[in-house]
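Structure, as structure tokens:
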Amino acid sequence: MKIRYSILIFLFVLALSARAQVSFDYSEKPVMEITPDKNTGLNKIYVLYDGGGVQMKYTAKSTLSPVTWYKYEELGGGYAEEVTDVVRNGAETYVPQVETECGYIIEEGTDRTYIWVVDYGQHRLQLKSIEAEPASDCGTVTLRVDGGGEDIVYYTITGVRKTLSREIAIDFFTLAWDESKLEWIQSSTTETEENFKSTIVFPAPYCNTTFTISGDRFLKFWGESESTESDTYFTNAVDIRAFAKQETREIDNEKKDETGEILGGSAPVNITFEAYCTDAVIHTEWQMATDPDFNDIVLRLSGETTEQTFEDAGTTYWRFIGSNSDGSCEAISDTYTVSIGESELLCPNVFSPGITEGVNDVWKVSYKSIIEFNCVIFNKWGNKIIELTDPSQGWDGTYKGKLVKPGVYYYVLEAKGSDGKVYKKGGDINIIRYKEQLDTSTGNTDEIETVE
């Protein structure tokens with residue numbers, strides 16, 4: 001029985017505790033309740049639509065609890081003075097006419113409630129017009145707002161001055177980069193100002209737009225938001241996204257350069273340079289230079305896209321520039337380094353076709369940056385078996401669809417590298433094949449006919 005009785009007492013006290021609260025009577029509009037940061041020492045901030053004729057009430061936890069009201073201003077709770085016109089009616093205590101722009105400390109026994117009360121009518125926001133200054137800055141836009149609304153100030157328990165954010169919204173359109181679609185997409189965006197300002201500066205939009213200013217959050221709460229719109233703003237701001245994409249090729253006998261993020265490698269190299277520009281970009285140009293600082297620009301190509309084939313050994317630097325109509329605003333891409341390696345050409349002299357597929361069964365040169373190539377292979381009688389015109393090509397050891405006999409064959413090769421080096425080579429090619437591995441039923445041991 002004692003345990004059950006204790007539980008009932010605890011629940012009763014908890015219920016009484018939950019009843020202790022601050023409320024307002026005779027307010028023209030609902031009272032906006034804000035929970036400030038804990039470091040202010042305040043439990044709540046109450047914003048009244050109009051403080052005239054409003055009664056503030058505190059409901060105590062118990063009709064027996066002693067309740068004392070104190071009021072403080074900018075000096076903080078340490079300088080609070082007792083409120084003398086408090087009326088008590090059972091568990092309720094109230095002041096017939098609440099004072100605003102001040103804080104209250106309501107003491108019930110050892111418990112204290114700390115609040116601040118604001119009369120919004122003394123700070124009402126007015127938005128008459130908004131005008132965007134003609135674009136003169138590449139990075140920012142300046143808005144001039146005709147209206148008013150002084151800061152809504154409150155003080156913490158320790159007397160620290162704070163300001164309630166009005167959350168005034170400026171809505172407009174700009175362009176946002178869509179990575180998945182690789183395009184600039186028009187999107188609505190919002191800049192938020194905490195307090196009223198007659199001059200507002202923020203990053204310029206990337207497209208022509210109008211600006212709509214509206215607010216504040218208190219008027220929105222009461223369904224009376226103010227709003228006004230500007231005339232069309234014509235932007236100067238520019239931005240770009242640029243890319244360099246190298247055509248890849250999988251050739252097993254071509255040596256690859258480990259260049260990391262650097263473009264290039266073994267010539268010839270095909271690279272597509274692409275740029276995507278915002279609306280104000282009128283002039284577009286890809287530049288190639290011999291130095292990373294672009295002091296020596298040797299090529300200028302207008303347009304957003306260019307396809308280039310690199311055949312000469314060496315390093316070049318590429319970038320894209322987009323600018324507005326008068327060139328006063330420009331955007332420059334990252335620098336792309338294209339490095340083409342010096343040429344190499346090595347010729348093997350042994351292979352074994354028809355033995356193990358994929359293992360040394362094709363005669364191919366090993367090469368890098370070879371831009372011209374011709375190789376003719378002969379048998380011992382001087383008959384031409386095959387002619388190769390690309391270094392990626394190879395000889396599979398056949399003639400007219402049949403494997404040739406093991407033995408010595410000969411090649412004559414001429415080639416040119418990306419560095420201008422000329423190759424003239426000739427030598428023997430040894431075909432090795434073991435008898436026990438031959439499939440004699442196919443007739444692949446037939447000797448090539450001698451050409452007279």
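All residue names refer to the structure tokens as shown: chains lettered A, B, ... in order, residues numbered from 1 in each chain, ligands numbered from 1 in order.
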Exercise. Write out as a ChimeraX atom specification all residues of range 179-320 of chain A that backbone DSSP assigns to strand (DSSP E or B).
Key: /A:183-193,199-203,209,212-215,226-229,233,240-246,254,263-265,269-277,283-289,297-302,305-310,314-320
Mind dumping a table of every range 323-360 of chain A residue within 12 Å of range 385-394 of chain A, with the nearest atom pair and its distance in Å to one decimal, using only C-alpha atoms, sorted by chain and rising number, as a tab-separated table?
residue	atom	partner	partner_atom	distance
A:Glu344	CA	A:Pro391	CA	11.2
A:Leu345	CA	A:Pro391	CA	9.1
A:Leu346	CA	A:Pro391	CA	10.6
A:Cys347	CA	A:Pro391	CA	10.6
A:Pro348	CA	A:Gly394	CA	11.3
A:Phe351	CA	A:Gly394	CA	11.4
A:Pro353	CA	A:Gly394	CA	11.6
A:Asn360	CA	A:Gly394	CA	11.2
Quiz item: Can you list, as a ChimeraX atom specification, every protein, DNA or RNA residue that comes within 12 Å of range 238-243 of chain A when you count only C-alpha atoms, leaving out same-chain residues fewer than 4 positions away?
Solution: /A:135,137-140,174-179,182-184,203-208,234,263,271-286,304-307,318-325,327-336
Self-check item: d(CA of Val83 in chain A, CA of Glu150 in chain A) in Å
Solution: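 Value for the CA of Val83 in chain A-CA of Glu150 in chain A distance: 28.0 Å.
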Self-check item: Distance criterion (only C-alpha atoms): nearest to Val338 in chain A out of A:Val404, A:Val359, A:Cys375, A:Ile262
Solution: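 Counting only C-alpha atoms, the residue closest to Val338 in chain A is A:Ile262.
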Quiz prompt | Backbone-only DSSP, alpha helix (DSSP H) members of range 160-326 of chain A, as a PyMOL selection string | solution = chain A and resi 217-221
Atoms kept (all heavy atoms) for selection, written as a PDB file, in the first residue's frame:
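Writing the result to result.pdb gives the following:
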ATOM      1  N   ARG A 217       9.299  36.586 -40.672  1.00  0.00           N
ATOM      2  CA  ARG A 217       8.706  35.339 -40.175  1.00  0.00           C
ATOM      3  C   ARG A 217       7.556  35.599 -39.211  1.00  0.00           C
ATOM      4  O   ARG A 217       6.656  34.768 -39.062  1.00  0.00           O
ATOM      5  CB  ARG A 217       9.762  34.468 -39.504  1.00  0.00           C
ATOM      6  CG  ARG A 217      10.402  35.051 -38.255  1.00  0.00           C
ATOM      7  CD  ARG A 217      11.154  33.968 -37.510  1.00  0.00           C
ATOM      8  NE  ARG A 217      12.034  34.497 -36.479  1.00  0.00           N
ATOM      9  CZ  ARG A 217      12.449  33.784 -35.439  1.00  0.00           C
ATOM     10  NH1 ARG A 217      12.066  32.529 -35.303  1.00  0.00           N
ATOM     11  NH2 ARG A 217      13.264  34.321 -34.551  1.00  0.00           N
ATOM     12  N   PHE A 218       7.560  36.767 -38.548  1.00  0.00           N
ATOM     13  CA  PHE A 218       6.480  37.082 -37.616  1.00  0.00           C
ATOM     14  C   PHE A 218       5.200  37.401 -38.378  1.00  0.00           C
ATOM     15  O   PHE A 218       4.123  36.885 -38.044  1.00  0.00           O
ATOM     16  CB  PHE A 218       6.907  38.261 -36.727  1.00  0.00           C
ATOM     17  CG  PHE A 218       8.235  38.039 -36.052  1.00  0.00           C
ATOM     18  CD1 PHE A 218       9.367  38.703 -36.486  1.00  0.00           C
ATOM     19  CD2 PHE A 218       8.352  37.148 -35.006  1.00  0.00           C
ATOM     20  CE1 PHE A 218      10.596  38.491 -35.886  1.00  0.00           C
ATOM     21  CE2 PHE A 218       9.577  36.923 -34.397  1.00  0.00           C
ATOM     22  CZ  PHE A 218      10.700  37.596 -34.837  1.00  0.00           C
ATOM     23  N   LEU A 219       5.314  38.214 -39.421  1.00  0.00           N
ATOM     24  CA  LEU A 219       4.135  38.511 -40.234  1.00  0.00           C
ATOM     25  C   LEU A 219       3.622  37.263 -40.949  1.00  0.00           C
ATOM     26  O   LEU A 219       2.411  37.085 -41.121  1.00  0.00           O
ATOM     27  CB  LEU A 219       4.460  39.608 -41.241  1.00  0.00           C
ATOM     28  CG  LEU A 219       4.686  41.015 -40.661  1.00  0.00           C
ATOM     29  CD1 LEU A 219       5.069  41.984 -41.757  1.00  0.00           C
ATOM     30  CD2 LEU A 219       3.448  41.501 -39.918  1.00  0.00           C
ATOM     31  N   LYS A 220       4.540  36.396 -41.374  1.00  0.00           N
ATOM     32  CA  LYS A 220       4.110  35.137 -41.998  1.00  0.00           C
ATOM     33  C   LYS A 220       3.325  34.294 -40.996  1.00  0.00           C
ATOM     34  O   LYS A 220       2.340  33.643 -41.346  1.00  0.00           O
ATOM     35  CB  LYS A 220       5.332  34.363 -42.511  1.00  0.00           C
ATOM     36  CG  LYS A 220       5.978  34.980 -43.735  1.00  0.00           C
ATOM     37  CD  LYS A 220       7.187  34.162 -44.200  1.00  0.00           C
ATOM     38  CE  LYS A 220       7.825  34.795 -45.433  1.00  0.00           C
ATOM     39  NZ  LYS A 220       9.030  34.037 -45.875  1.00  0.00           N
ATOM     40  N   PHE A 221       3.768  34.299 -39.748  1.00  0.00           N
ATOM     41  CA  PHE A 221       3.086  33.550 -38.693  1.00  0.00           C
ATOM     42  C   PHE A 221       1.648  34.036 -38.541  1.00  0.00           C
ATOM     43  O   PHE A 221       0.734  33.245 -38.299  1.00  0.00           O
ATOM     44  CB  PHE A 221       3.864  33.702 -37.385  1.00  0.00           C
ATOM     45  CG  PHE A 221       3.225  33.054 -36.186  1.00  0.00           C
ATOM     46  CD1 PHE A 221       3.266  31.682 -36.010  1.00  0.00           C
ATOM     47  CD2 PHE A 221       2.581  33.830 -35.235  1.00  0.00           C
ATOM     48  CE1 PHE A 221       2.669  31.082 -34.899  1.00  0.00           C
ATOM     49  CE2 PHE A 221       1.991  33.247 -34.122  1.00  0.00           C
ATOM     50  CZ  PHE A 221       2.030  31.872 -33.953  1.00  0.00           C
TER      51      PHE A 221
END
Exercise. Name the closest residue to Glu28 in chain A among the candidates A:Gln55, A:Ser129, A:Thr40, A:Ser136; distances are taken between atoms, counting only C-alpha atoms.
Key: A:Gln55
Quiz item: So how many Å separate CA of Val160 in chain A and CA of Asp85 in chain A, to one decimal?
Solution: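 Interatomic distance here is 27.3 Å.
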Quiz item: Using only C-alpha atoms, which of A:Glu247, A:Glu224, A:Asp257, A:Glu357 sits nearest Thr309 in chain A?
Solution: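 The closest residue to Thr309 in chain A is A:Glu247.
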Quiz item: Which of these, A:Asn195, A:Ile377, A:Thr315, A:Thr189, has the shortest distance to Asp151 in chain A once you count only C-alpha atoms?
Solution: A:Asn195
Exercise. Figure out the distance between CA of Tyr367 in chain A and CA of Ser343 in chain A, please, to one decimal in Å.
Key: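 Taking CA of Ser343 in chain A as the start and CA of Tyr367 in chain A as the end point, the length is 7.3 Å.
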Exercise. Do a neighbour search on Glu131 in chain A at 8 Å with only C-alpha atoms, toss out local chain neighbours closer than 3 positions, and write the hits as a ChimeraX atom specification.
Key: /A:143-145,230-231
What would the file look like if the residues just selected were written as an mmCIF file, in the first residue's frame with N, CA and C atoms?
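The resulting file, result_9.cif, is reproduced below:
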data_model
loop_
_atom_site.group_PDB
_atom_site.id
_atom_site.type_symbol
_atom_site.label_atom_id
_atom_site.label_comp_id
_atom_site.auth_asym_id
_atom_site.auth_seq_id
_atom_site.Cartn_x
_atom_site.Cartn_y
_atom_site.Cartn_z
ATOM 1 N N LEU A 143 21.146 45.345 -53.865
ATOM 2 C CA LEU A 143 19.719 45.646 -53.845
ATOM 3 C C LEU A 143 19.466 46.827 -52.916
ATOM 4 N N ARG A 144 18.618 47.741 -53.355
ATOM 5 C CA ARG A 144 18.186 48.859 -52.528
ATOM 6 C C ARG A 144 16.728 48.623 -52.123
ATOM 7 N N VAL A 145 16.471 48.649 -50.818
ATOM 8 C CA VAL A 145 15.140 48.349 -50.299
ATOM 9 C C VAL A 145 14.574 49.590 -49.629
ATOM 10 N N SER A 230 11.190 43.465 -57.716
ATOM 11 C CA SER A 230 11.995 44.397 -58.507
ATOM 12 C C SER A 230 11.684 44.271 -59.991
ATOM 13 N N ASP A 231 12.211 45.210 -60.775
ATOM 14 C CA ASP A 231 12.213 45.064 -62.223
ATOM 15 C C ASP A 231 13.247 44.007 -62.609
#
Quiz item: For Ser366 in chain A, which of A:Gly314, A:Leu299, A:Ser266, A:Thr290 is the closest residue, counting only C-alpha atoms?
Solution: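 Among the listed residues, A:Ser266 lies closest to Ser366 in chain A.
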